[in-house]
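Reviewing the structure listed below.
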Amino acid sequence: VQLSPEEIAQARSTILSWDRTPITTTDLDQLEAEARELSKPPRVRQPTTKPTIPTVDRLIADARDGRELWVKAEYGKRDPQHYQGPSTFASPSPKRRPSFKPGDLAIIYAQGIHACYAVVEVTDEPTNDPEFLQSEGASIEDSARWPWISHTIPRLVPESMAEVSPEEIGVSSRALQNGHVRIDLAGFTAAVRALEDASGVGTEA
């Protein structure tokens with residue numbers, strides 16, 4: 001829903017006039033379960049990197065269907081070009097396969113700018129493939145440290161400087177020290193909406 005400044009002020013005034021009731025963890029769990037049951041827009045066959053209202057709505061609908069949701073950390077600055085087509089990301093944990101599964105959705109977090117800036121969908125099980133990383137220019141040491149490769153397709157990769165901090169979506173930087181962390185539906189939705197707003201989806205030029 002998009003509102004004008006006047007409508008936003010009116011909506012805020014209306015909401016502030018409502019009676020307030022304490023919310024418990026059980027209430028939030030029930031709300032998230034009900035959100036997953038909401039009707040979903042038609043599935044789009046081909047993913048697109050361009051943030052449009054239908055693709056954003058489709059992404060949030062897919063997040064409600066029970067798949068795992070993640071924040072995936074990467075070194076350096078944002079690199080949207082890397083994720084604007086079929087791509088990969090690497091994970092540590094040489095002793096155990098990461099828990100990513102086909103269909104999972106991952107928010108990409110760049111440690112260099114301390115911000116999330118893209119959303120991708122995992123397309124296969126992680127494979128232990130340090131040779132692939134070396135072929136992409138990684139050192140032997142880095143390839144051994146981050147040997148697990150996950151293939152992805154883009155779901156939301158704004159070309160603009162659309163960014164959201166992990167704290168804004170309920171994830172601490174400490175939690176990302178291991179390379180990735182699960183995120184709940186509320187946090188994932190907040191990240192997608194923040195990227196949507198920052199990239200100006202639905203606004204007139």
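Note on naming: chains are A, B, ... as they come in the structure tokens, residues start from 1 per chain, ligands start from 1 in the order shown.
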
Show me, as a Markdown table, the residues of region 8-111 of chain A having an atom within 12 Å of region 151-166 of chain A, each with the closest atom pair and its distance in Å, using only C-alpha atoms.
| residue | atom | partner | partner_atom | distance |
| --- | --- | --- | --- | --- |
| A:Val44 | CA | A:Arg155 | CA | 10.7 |
| A:Arg45 | CA | A:Arg155 | CA | 11.7 |
| A:Gln46 | CA | A:Arg155 | CA | 9.6 |
| A:Pro47 | CA | A:Arg155 | CA | 5.9 |
| A:Thr48 | CA | A:Arg155 | CA | 6.0 |
| A:Thr49 | CA | A:Val157 | CA | 4.9 |
| A:Lys50 | CA | A:Pro158 | CA | 6.2 |
| A:Pro51 | CA | A:Leu156 | CA | 5.9 |
| A:Thr52 | CA | A:Leu156 | CA | 9.0 |
| A:Ile53 | CA | A:Leu156 | CA | 11.0 |
| A:Pro54 | CA | A:Leu156 | CA | 11.4 |
| A:Thr55 | CA | A:Arg155 | CA | 7.9 |
| A:Val56 | CA | A:Leu156 | CA | 7.4 |
| A:Asp57 | CA | A:Leu156 | CA | 10.9 |
| A:Arg58 | CA | A:Arg155 | CA | 9.4 |
| A:Leu59 | CA | A:Arg155 | CA | 7.0 |
| A:Ile60 | CA | A:Arg155 | CA | 10.4 |
| A:Asp62 | CA | A:Arg155 | CA | 10.6 |
| A:Ala63 | CA | A:Arg155 | CA | 11.4 |
| A:Trp70 | CA | A:Pro166 | CA | 11.5 |
| A:Val71 | CA | A:Pro166 | CA | 8.4 |
| A:Lys72 | CA | A:Pro166 | CA | 10.6 |
| A:Ala73 | CA | A:Pro166 | CA | 10.3 |
| A:Lys77 | CA | A:Glu163 | CA | 11.5 |
| A:Arg78 | CA | A:Met161 | CA | 9.1 |
| A:Asp79 | CA | A:Glu159 | CA | 9.8 |
| A:Pro80 | CA | A:Val157 | CA | 6.3 |
| A:Gln81 | CA | A:Glu159 | CA | 8.2 |
| A:His82 | CA | A:Pro154 | CA | 9.6 |
| A:Tyr83 | CA | A:Pro154 | CA | 5.9 |
| A:Gln84 | CA | A:Pro154 | CA | 5.7 |
| A:Gly85 | CA | A:Pro154 | CA | 5.9 |
| A:Pro86 | CA | A:Ile153 | CA | 4.6 |
| A:Ser87 | CA | A:Thr152 | CA | 5.2 |
| A:Thr88 | CA | A:His151 | CA | 4.3 |
| A:Phe89 | CA | A:His151 | CA | 6.7 |
| A:Ala90 | CA | A:His151 | CA | 9.1 |
| A:Ser91 | CA | A:His151 | CA | 11.4 |
| A:Phe100 | CA | A:His151 | CA | 10.2 |
| A:Lys101 | CA | A:His151 | CA | 10.3 |
| A:Pro102 | CA | A:Thr152 | CA | 8.9 |
| A:Gly103 | CA | A:Thr152 | CA | 9.3 |
| A:Asp104 | CA | A:Thr152 | CA | 9.5 |
| A:Leu105 | CA | A:Arg155 | CA | 8.5 |
| A:Ala106 | CA | A:Thr152 | CA | 9.2 |
| A:Ile107 | CA | A:Leu156 | CA | 9.1 |
| A:Ile108 | CA | A:Val157 | CA | 9.6 |
| A:Tyr109 | CA | A:Pro166 | CA | 7.8 |
| A:Ala110 | CA | A:Glu163 | CA | 9.7 |
| A:Gln111 | CA | A:Ser165 | CA | 10.2 |

| Two-atom distance - CA of Glu37 (chain A), CA of Leu69 (chain A) (Å) | 16.6 Å

What are the DSSP strand (DSSP E) residues of region 26-163 of chain A, as a short mmCIF file (atom, residue, chain, number, x, y, z; two decimals) with C-alpha atoms, in the first residue's frame?
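Written output follows (result.cif):
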data_model
loop_
_atom_site.label_atom_id
_atom_site.label_comp_id
_atom_site.auth_asym_id
_atom_site.auth_seq_id
_atom_site.Cartn_x
_atom_site.Cartn_y
_atom_site.Cartn_z
CA LEU A 69 15.06 -17.32 5.69
CA TRP A 70 18.67 -16.19 6.20
CA VAL A 71 21.04 -13.27 6.43
CA LYS A 72 24.29 -14.18 4.63
CA ALA A 73 27.43 -12.17 5.40
CA GLU A 74 30.15 -11.42 2.87
CA SER A 87 25.61 -16.55 -8.92
CA THR A 88 27.20 -18.14 -5.86
CA PHE A 89 28.19 -17.40 -2.30
CA ALA A 90 30.70 -19.22 -0.10
CA SER A 91 30.29 -20.43 3.49
CA LEU A 105 15.87 -17.01 0.68
CA ALA A 106 18.98 -15.14 1.79
CA ILE A 107 19.49 -11.45 2.48
CA ILE A 108 23.04 -10.48 1.48
CA TYR A 109 24.93 -8.46 4.12
CA ALA A 110 28.19 -6.65 3.23
CA ALA A 115 24.38 -3.12 5.56
CA CYS A 116 22.11 -5.56 3.74
CA TYR A 117 21.50 -4.74 0.09
CA ALA A 118 20.13 -7.72 -1.89
CA VAL A 119 17.97 -10.84 -1.64
CA VAL A 120 18.72 -14.10 -3.47
CA GLU A 121 17.19 -17.58 -3.65
CA VAL A 122 19.33 -20.67 -3.09
CA THR A 127 28.88 -28.32 -2.28
CA ASN A 128 32.40 -28.51 -0.86
CA TRP A 148 31.07 -24.54 0.74
CA ILE A 149 29.50 -23.13 -2.43
CA SER A 150 25.79 -22.32 -2.80
CA HIS A 151 24.31 -21.34 -6.16
CA THR A 152 21.70 -18.59 -6.25
CA ILE A 153 19.34 -16.64 -8.47
CA PRO A 154 18.39 -12.98 -7.88
CA ARG A 155 15.12 -12.11 -6.20
CA LEU A 156 15.62 -8.45 -5.23
#

| task | Find, counting only C-alpha atoms, the residue in A:Lys95, A:Ala194, A:Gly112, A:Gly66 that gets nearest to Arg145 (chain A). | result |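 Among the listed residues, A:Lys95 lies closest to Arg145 (chain A).
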
| message | I'd like the neighbourhood of region 25-31 of chain A as a list in words, where a residue qualifies if any of its atoms comes within 12 Å (using only C-alpha atoms), though same-chain residues fewer than 3 positions away should be ignored. | response | Thr21, Pro22, Glu34, Ala35, Arg36, Glu37, Leu38, Arg64, Asp184, Leu185 and Ala186 of chain A

Restricting it to N, CA and C atoms, dump the selection as a PDB file, in the first residue's frame.
ATOM      1  N   THR A  21      -2.720  -2.925  23.811  1.00  0.00           N
ATOM      2  CA  THR A  21      -2.744  -4.167  24.574  1.00  0.00           C
ATOM      3  C   THR A  21      -1.350  -4.780  24.581  1.00  0.00           C
ATOM      4  N   PRO A  22      -0.863  -5.233  25.721  1.00  0.00           N
ATOM      5  CA  PRO A  22       0.466  -5.870  25.751  1.00  0.00           C
ATOM      6  C   PRO A  22       0.513  -7.083  24.821  1.00  0.00           C
ATOM      7  N   GLU A  34      -0.263 -17.024  11.112  1.00  0.00           N
ATOM      8  CA  GLU A  34      -1.392 -16.556  10.301  1.00  0.00           C
ATOM      9  C   GLU A  34      -0.902 -15.849   9.041  1.00  0.00           C
ATOM     10  N   ALA A  35       0.236 -15.133   9.136  1.00  0.00           N
ATOM     11  CA  ALA A  35       0.779 -14.429   7.968  1.00  0.00           C
ATOM     12  C   ALA A  35       1.166 -15.407   6.869  1.00  0.00           C
ATOM     13  N   ARG A  36       1.673 -16.581   7.283  1.00  0.00           N
ATOM     14  CA  ARG A  36       2.079 -17.584   6.293  1.00  0.00           C
ATOM     15  C   ARG A  36       0.886 -18.163   5.541  1.00  0.00           C
ATOM     16  N   GLU A  37      -0.322 -18.008   6.108  1.00  0.00           N
ATOM     17  CA  GLU A  37      -1.516 -18.563   5.472  1.00  0.00           C
ATOM     18  C   GLU A  37      -2.228 -17.559   4.575  1.00  0.00           C
ATOM     19  N   LEU A  38      -1.729 -16.342   4.487  1.00  0.00           N
ATOM     20  CA  LEU A  38      -2.374 -15.342   3.646  1.00  0.00           C
ATOM     21  C   LEU A  38      -2.318 -15.755   2.191  1.00  0.00           C
ATOM     22  N   ARG A  64       6.561 -16.630   3.102  1.00  0.00           N
ATOM     23  CA  ARG A  64       5.555 -17.143   4.033  1.00  0.00           C
ATOM     24  C   ARG A  64       5.275 -18.630   3.854  1.00  0.00           C
ATOM     25  N   ASP A 184      13.671 -14.369  11.188  1.00  0.00           N
ATOM     26  CA  ASP A 184      12.247 -14.720  11.177  1.00  0.00           C
ATOM     27  C   ASP A 184      11.524 -13.955  10.067  1.00  0.00           C
ATOM     28  N   LEU A 185      10.260 -14.316   9.868  1.00  0.00           N
ATOM     29  CA  LEU A 185       9.481 -13.725   8.785  1.00  0.00           C
ATOM     30  C   LEU A 185       9.334 -12.215   8.954  1.00  0.00           C
ATOM     31  N   ALA A 186       9.139 -11.764  10.189  1.00  0.00           N
ATOM     32  CA  ALA A 186       8.976 -10.330  10.427  1.00  0.00           C
ATOM     33  C   ALA A 186      10.235  -9.562  10.034  1.00  0.00           C
TER      34      ALA A 186
END

| Ile140 (chain A) environment, 10 Å, only C-alpha atoms, sequence neighbours closer than 6 positions dropped, as a list in words |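 That gives Pro130, Glu131, Leu133 and Gln134 of chain A.
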
| Rounded to one decimal in Å, what is the spacing between CA of Glu32 (chain A) and CA of Glu68 (chain A)? |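 Computing the Euclidean distance for CA of Glu32 (chain A) and CA of Glu68 (chain A) yields 13.7 Å.
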
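CA of Arg97 (chain A) sits 24.9 Å away from CA of Gly187 (chain A).
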